[in-house]
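Each remark here refers to the structure printed beneath this line.
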Amino acid sequence: MNTYKLAAIIENLKASFDGKPWYGMPVMEKLDQIPWEIVNEETYGTKTIAVLVQHIINWRMFVIRKLEGDVEFNIVIDGENDWDQVTIATSEEWNSLKQQLQQTQATLIQKLSEETDDLLTLKVPGKAYVFGPILVSIAQHDIYHLGQIAMLNSMHQS
């Protein structure tokens, strides 16, 4: 059972999400520092911190649904299910959104831990590509948007 490549993907997901990534602060540590009162601010267009977090959740759910074999589920880039509007009205709602993100992490790690490297060459259900590139890119996608979130947060701190 060969799991070397998949194990590296899992470790990268763990480090970038709530571990000790090489670039600095992981996703959850950064989100936990952001006060809920600023997550709806439209400082840079309509991409608020809350919308960015929901977007990260949406793409993680895409991968989870595909790992479950769902042929029909889809996200259209800049369309359906991609940039859902989210408005946070309380600290509890902000915590709930972060908990949804944490649940996607737990589910993703659990599902990937049950697989072997063979998964990386399997076709994504309903798509013309294989799992390898999309699994590698989940952490990259999170980090990309974490940078946007950090910038929006710093704009509110100054």
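Chain labels A, B, ... are given in the sequence in which chains occur in the structure tokens; within each chain residues are numbered consecutively from 1, and ligands are likewise numbered from 1 in the order shown.
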
Find the residues around Val71 (chain A) up to 9 Å (only C-alpha atoms counted), leave out those fewer than 4 positions away in its own chain, and share them as a list in words.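 Everything that qualifies: Arg65, Lys66, Val124, Pro125, Gly126 and Lys127 of chain A.
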
Save out the residues we just selected, C-alpha atoms, as a PDB file, in the first residue's frame.
ATOM      1  CA  ARG A  65     -18.245  15.510  -2.428  1.00  0.00           C
ATOM      2  CA  LYS A  66     -16.018  14.303  -5.272  1.00  0.00           C
ATOM      3  CA  VAL A 124     -12.617  13.072 -10.347  1.00  0.00           C
ATOM      4  CA  PRO A 125     -16.277  12.024 -10.704  1.00  0.00           C
ATOM      5  CA  GLY A 126     -17.985  14.147 -13.349  1.00  0.00           C
ATOM      6  CA  LYS A 127     -14.751  15.872 -14.401  1.00  0.00           C
TER       7      LYS A 127
END

Leaving out region 33-46 of chain A and any residue of its chain fewer than 2 positions from it, which residues lie within 12 Å of it when counting only C-alpha atoms, given as a ChimeraX atom specification? /A:25-31,48-54,83-98,146,148-157

Using N, CA and C atoms, can you export the residues from the last selection as a CSV table (one decimal), in the first residue's frame?
chain,number,residue,atom,x,y,z
A,25,MET,N,1.7,32.1,10.0
A,25,MET,CA,0.5,31.7,10.7
A,25,MET,C,-0.4,30.8,9.9
A,26,PRO,N,-0.9,29.7,10.5
A,26,PRO,CA,-1.8,28.8,9.8
A,26,PRO,C,-3.2,29.5,9.7
A,27,VAL,N,-4.1,28.9,8.9
A,27,VAL,CA,-5.4,29.4,8.6
A,27,VAL,C,-6.2,29.7,9.9
A,28,MET,N,-6.4,28.7,10.8
A,28,MET,CA,-7.2,28.8,12.0
A,28,MET,C,-6.7,29.8,13.0
A,29,GLU,N,-5.4,29.9,13.1
A,29,GLU,CA,-4.8,30.9,14.0
A,29,GLU,C,-5.1,32.3,13.6
A,30,LYS,N,-5.0,32.5,12.3
A,30,LYS,CA,-5.2,33.8,11.7
A,30,LYS,C,-6.7,34.2,11.9
A,31,LEU,N,-7.6,33.2,11.5
A,31,LEU,CA,-9.0,33.5,11.6
A,31,LEU,C,-9.5,33.8,13.1
A,48,THR,N,-15.6,40.1,1.2
A,48,THR,CA,-15.4,40.3,2.6
A,48,THR,C,-14.7,39.1,3.2
A,49,ILE,N,-14.2,39.2,4.4
A,49,ILE,CA,-13.5,38.1,5.1
A,49,ILE,C,-14.5,37.0,5.2
A,50,ALA,N,-15.8,37.2,5.6
A,50,ALA,CA,-16.8,36.2,5.7
A,50,ALA,C,-17.0,35.5,4.4
A,51,VAL,N,-17.1,36.2,3.3
A,51,VAL,CA,-17.3,35.6,2.0
A,51,VAL,C,-16.0,34.8,1.6
A,52,LEU,N,-14.9,35.2,1.9
A,52,LEU,CA,-13.7,34.5,1.6
A,52,LEU,C,-13.6,33.2,2.4
A,53,VAL,N,-14.0,33.2,3.6
A,53,VAL,CA,-14.0,31.9,4.4
A,53,VAL,C,-15.1,31.0,3.8
A,54,GLN,N,-16.3,31.5,3.5
A,54,GLN,CA,-17.3,30.6,2.9
A,54,GLN,C,-16.8,30.1,1.5
A,83,TRP,N,-18.9,32.0,-5.0
A,83,TRP,CA,-18.8,33.1,-4.1
A,83,TRP,C,-20.1,33.4,-3.4
A,84,ASP,N,-20.5,32.6,-2.5
A,84,ASP,CA,-21.8,32.8,-1.8
A,84,ASP,C,-21.7,34.0,-0.9
A,85,GLN,N,-22.7,34.8,-0.9
A,85,GLN,CA,-22.8,35.9,0.0
A,85,GLN,C,-23.1,35.5,1.4
A,86,VAL,N,-22.3,35.9,2.4
A,86,VAL,CA,-22.5,35.6,3.8
A,86,VAL,C,-22.4,36.9,4.6
A,87,THR,N,-23.3,37.0,5.5
A,87,THR,CA,-23.3,38.1,6.4
A,87,THR,C,-23.3,37.6,7.8
A,88,ILE,N,-22.4,38.0,8.6
A,88,ILE,CA,-22.2,37.6,10.0
A,88,ILE,C,-22.8,38.7,10.9
A,89,ALA,N,-23.7,38.3,11.7
A,89,ALA,CA,-24.4,39.3,12.6
A,89,ALA,C,-24.0,39.2,14.1
A,90,THR,N,-23.3,38.1,14.4
A,90,THR,CA,-22.9,37.9,15.8
A,90,THR,C,-21.6,37.1,15.9
A,91,SER,N,-21.0,37.2,17.1
A,91,SER,CA,-19.8,36.4,17.4
A,91,SER,C,-20.1,34.9,17.2
A,92,GLU,N,-21.3,34.5,17.6
A,92,GLU,CA,-21.7,33.1,17.5
A,92,GLU,C,-21.7,32.7,16.0
A,93,GLU,N,-22.2,33.5,15.1
A,93,GLU,CA,-22.3,33.2,13.7
A,93,GLU,C,-20.9,33.1,13.1
A,94,TRP,N,-20.0,34.0,13.6
A,94,TRP,CA,-18.6,33.9,13.1
A,94,TRP,C,-17.9,32.6,13.6
A,95,ASN,N,-18.2,32.3,14.8
A,95,ASN,CA,-17.6,31.0,15.4
A,95,ASN,C,-18.2,29.8,14.6
A,96,SER,N,-19.5,29.9,14.3
A,96,SER,CA,-20.1,28.8,13.5
A,96,SER,C,-19.5,28.6,12.1
A,97,LEU,N,-19.2,29.7,11.5
A,97,LEU,CA,-18.6,29.7,10.1
A,97,LEU,C,-17.2,29.0,10.2
A,98,LYS,N,-16.5,29.4,11.3
A,98,LYS,CA,-15.1,28.8,11.5
A,98,LYS,C,-15.3,27.4,11.8
A,146,LEU,N,-6.0,33.1,2.5
A,146,LEU,CA,-5.6,33.5,3.8
A,146,LEU,C,-4.8,34.8,3.6
A,148,GLN,N,-5.3,37.2,1.4
A,148,GLN,CA,-6.3,38.2,1.2
A,148,GLN,C,-7.0,38.5,2.5
A,149,ILE,N,-7.3,37.5,3.3
A,149,ILE,CA,-8.0,37.7,4.6
A,149,ILE,C,-7.0,38.5,5.5
A,150,ALA,N,-5.8,38.2,5.5
A,150,ALA,CA,-4.8,38.9,6.4
A,150,ALA,C,-4.7,40.4,6.0
A,151,MET,N,-4.7,40.6,4.7
A,151,MET,CA,-4.6,42.0,4.2
A,151,MET,C,-5.9,42.8,4.6
A,152,LEU,N,-7.0,42.2,4.4
A,152,LEU,CA,-8.3,42.9,4.8
A,152,LEU,C,-8.3,43.1,6.3
A,153,ASN,N,-7.8,42.2,7.1
A,153,ASN,CA,-7.8,42.4,8.5
A,153,ASN,C,-6.8,43.5,8.9
A,154,SER,N,-5.6,43.5,8.3
A,154,SER,CA,-4.7,44.6,8.6
A,154,SER,C,-5.2,46.0,8.2
A,155,MET,N,-6.0,46.0,7.1
A,155,MET,CA,-6.5,47.3,6.7
A,155,MET,C,-7.5,47.8,7.8
A,156,HIS,N,-8.1,47.0,8.5
A,156,HIS,CA,-9.1,47.4,9.6
A,156,HIS,C,-8.3,47.7,10.8
A,157,GLN,N,-7.1,47.2,11.0
A,157,GLN,CA,-6.4,47.4,12.2
A,157,GLN,C,-5.6,48.8,12.2

What's around Leu120 (chain A) at 7 Å? Count only C-alpha atoms, leave out sequence neighbours fewer than 4 positions away in its own chain, and write the answer as a PyMOL selection string. chain A and resi 130-132

As an exercise, work out the distance from CA of Phe62 (chain A) to CA of Ile75 (chain A) in Å and give it to one decimal place.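 According to the coordinates, CA of Phe62 (chain A) and CA of Ile75 (chain A) are separated by 7.1 Å.
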
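Residues surrounding Leu112 (chain A) within 12 Å are Thr3, Lys5, Leu6, Ala7, Ala8, Ile9, Ile10, Glu11, Leu13, Lys14, Val63, Ile64, Lys66, Leu67, Glu68, Thr104, Gln105, Ala106, Thr107, Leu108, Thr116, Asp117, Asp118, Leu119, Leu120, Phe131, Gly132, Leu135 and Val136 of chain A [only C-alpha atoms; sequence separation below 4 positions excluded].
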
Kindly save the residues from that selection, with N, CA and C atoms included, as a CSV table (one decimal), in the first residue's frame.
chain,number,residue,atom,x,y,z
A,3,THR,N,1.5,5.1,0.1
A,3,THR,CA,0.8,6.3,0.6
A,3,THR,C,1.7,7.5,0.7
A,5,LYS,N,3.0,9.9,-1.3
A,5,LYS,CA,2.6,11.2,-1.9
A,5,LYS,C,1.3,11.7,-1.2
A,6,LEU,N,0.4,10.8,-1.0
A,6,LEU,CA,-0.9,11.3,-0.3
A,6,LEU,C,-0.6,11.7,1.1
A,7,ALA,N,0.3,11.0,1.8
A,7,ALA,CA,0.7,11.4,3.1
A,7,ALA,C,1.3,12.8,3.2
A,8,ALA,N,2.1,13.1,2.1
A,8,ALA,CA,2.7,14.5,2.0
A,8,ALA,C,1.6,15.5,1.8
A,9,ILE,N,0.6,15.2,1.1
A,9,ILE,CA,-0.6,16.1,0.8
A,9,ILE,C,-1.3,16.3,2.2
A,10,ILE,N,-1.5,15.2,2.9
A,10,ILE,CA,-2.2,15.3,4.2
A,10,ILE,C,-1.4,16.2,5.2
A,11,GLU,N,-0.1,15.9,5.2
A,11,GLU,CA,0.7,16.7,6.2
A,11,GLU,C,0.7,18.2,5.8
A,13,LEU,N,-1.8,19.8,4.3
A,13,LEU,CA,-3.1,20.3,4.7
A,13,LEU,C,-3.1,20.6,6.2
A,14,LYS,N,-2.6,19.7,7.0
A,14,LYS,CA,-2.6,19.8,8.4
A,14,LYS,C,-1.7,21.0,8.8
A,63,VAL,N,-14.3,19.1,-3.1
A,63,VAL,CA,-13.4,18.0,-3.0
A,63,VAL,C,-14.0,16.9,-2.2
A,64,ILE,N,-14.6,17.2,-1.1
A,64,ILE,CA,-15.2,16.1,-0.2
A,64,ILE,C,-16.3,15.4,-1.0
A,66,LYS,N,-16.6,15.1,-4.2
A,66,LYS,CA,-16.0,14.3,-5.3
A,66,LYS,C,-15.4,13.0,-4.7
A,67,LEU,N,-14.7,13.2,-3.5
A,67,LEU,CA,-14.2,12.0,-2.9
A,67,LEU,C,-15.2,11.0,-2.5
A,68,GLU,N,-16.4,11.5,-2.3
A,68,GLU,CA,-17.6,10.6,-2.0
A,68,GLU,C,-18.2,10.0,-3.2
A,104,THR,N,-14.8,20.8,7.6
A,104,THR,CA,-14.3,20.3,6.3
A,104,THR,C,-12.9,19.8,6.4
A,105,GLN,N,-12.1,20.4,7.3
A,105,GLN,CA,-10.7,19.9,7.5
A,105,GLN,C,-10.8,18.5,8.1
A,106,ALA,N,-11.6,18.3,9.1
A,106,ALA,CA,-11.6,17.0,9.7
A,106,ALA,C,-12.1,15.9,8.7
A,107,THR,N,-13.1,16.2,8.0
A,107,THR,CA,-13.7,15.3,7.0
A,107,THR,C,-12.7,15.0,5.9
A,108,LEU,N,-12.1,16.0,5.4
A,108,LEU,CA,-11.1,15.9,4.3
A,108,LEU,C,-9.9,15.0,4.8
A,116,THR,N,-5.1,5.5,-0.7
A,116,THR,CA,-3.7,5.3,-1.0
A,116,THR,C,-3.3,6.2,-2.1
A,117,ASP,N,-2.0,6.2,-2.5
A,117,ASP,CA,-1.6,7.0,-3.6
A,117,ASP,C,-2.3,6.8,-4.9
A,118,ASP,N,-3.0,5.6,-5.0
A,118,ASP,CA,-3.7,5.3,-6.2
A,118,ASP,C,-4.8,6.4,-6.5
A,119,LEU,N,-5.3,7.0,-5.4
A,119,LEU,CA,-6.4,8.0,-5.5
A,119,LEU,C,-5.9,9.1,-6.4
A,120,LEU,N,-4.6,9.5,-6.4
A,120,LEU,CA,-4.1,10.6,-7.1
A,120,LEU,C,-4.2,10.5,-8.6
A,131,PHE,N,-7.6,13.3,-9.4
A,131,PHE,CA,-7.6,13.9,-8.1
A,131,PHE,C,-6.2,14.6,-7.7
A,132,GLY,N,-5.1,14.1,-8.2
A,132,GLY,CA,-3.8,14.5,-7.8
A,132,GLY,C,-3.6,16.0,-7.7
A,135,LEU,N,-6.0,17.9,-5.2
A,135,LEU,CA,-5.7,17.6,-3.8
A,135,LEU,C,-4.4,18.4,-3.4
A,136,VAL,N,-3.5,18.5,-4.2
A,136,VAL,CA,-2.3,19.4,-4.0
A,136,VAL,C,-2.7,20.8,-3.8

Would you compute the distance between CA of Leu122 (chain A) and CA of His141 (chain A)? Give it in Å to one decimal. 21.0 Å

According to DSSP computed on the backbone, where in region 2-157 of chain A is there alpha helix (DSSP H)? Give the residues as a VMD selection string. chain A and resid 4 to 18 27 to 32 49 to 67 91 to 113 131 to 157

In terms of only C-alpha atoms, the residue from A:Asp82, A:Glu72, A:Asp32, A:Glu114 at minimal distance from Trp59 (chain A) is A:Asp82

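For the atom pair formed by CA of Gln140 (chain A) and CA of Gly69 (chain A), the distance is 23.1 Å, given to one decimal.
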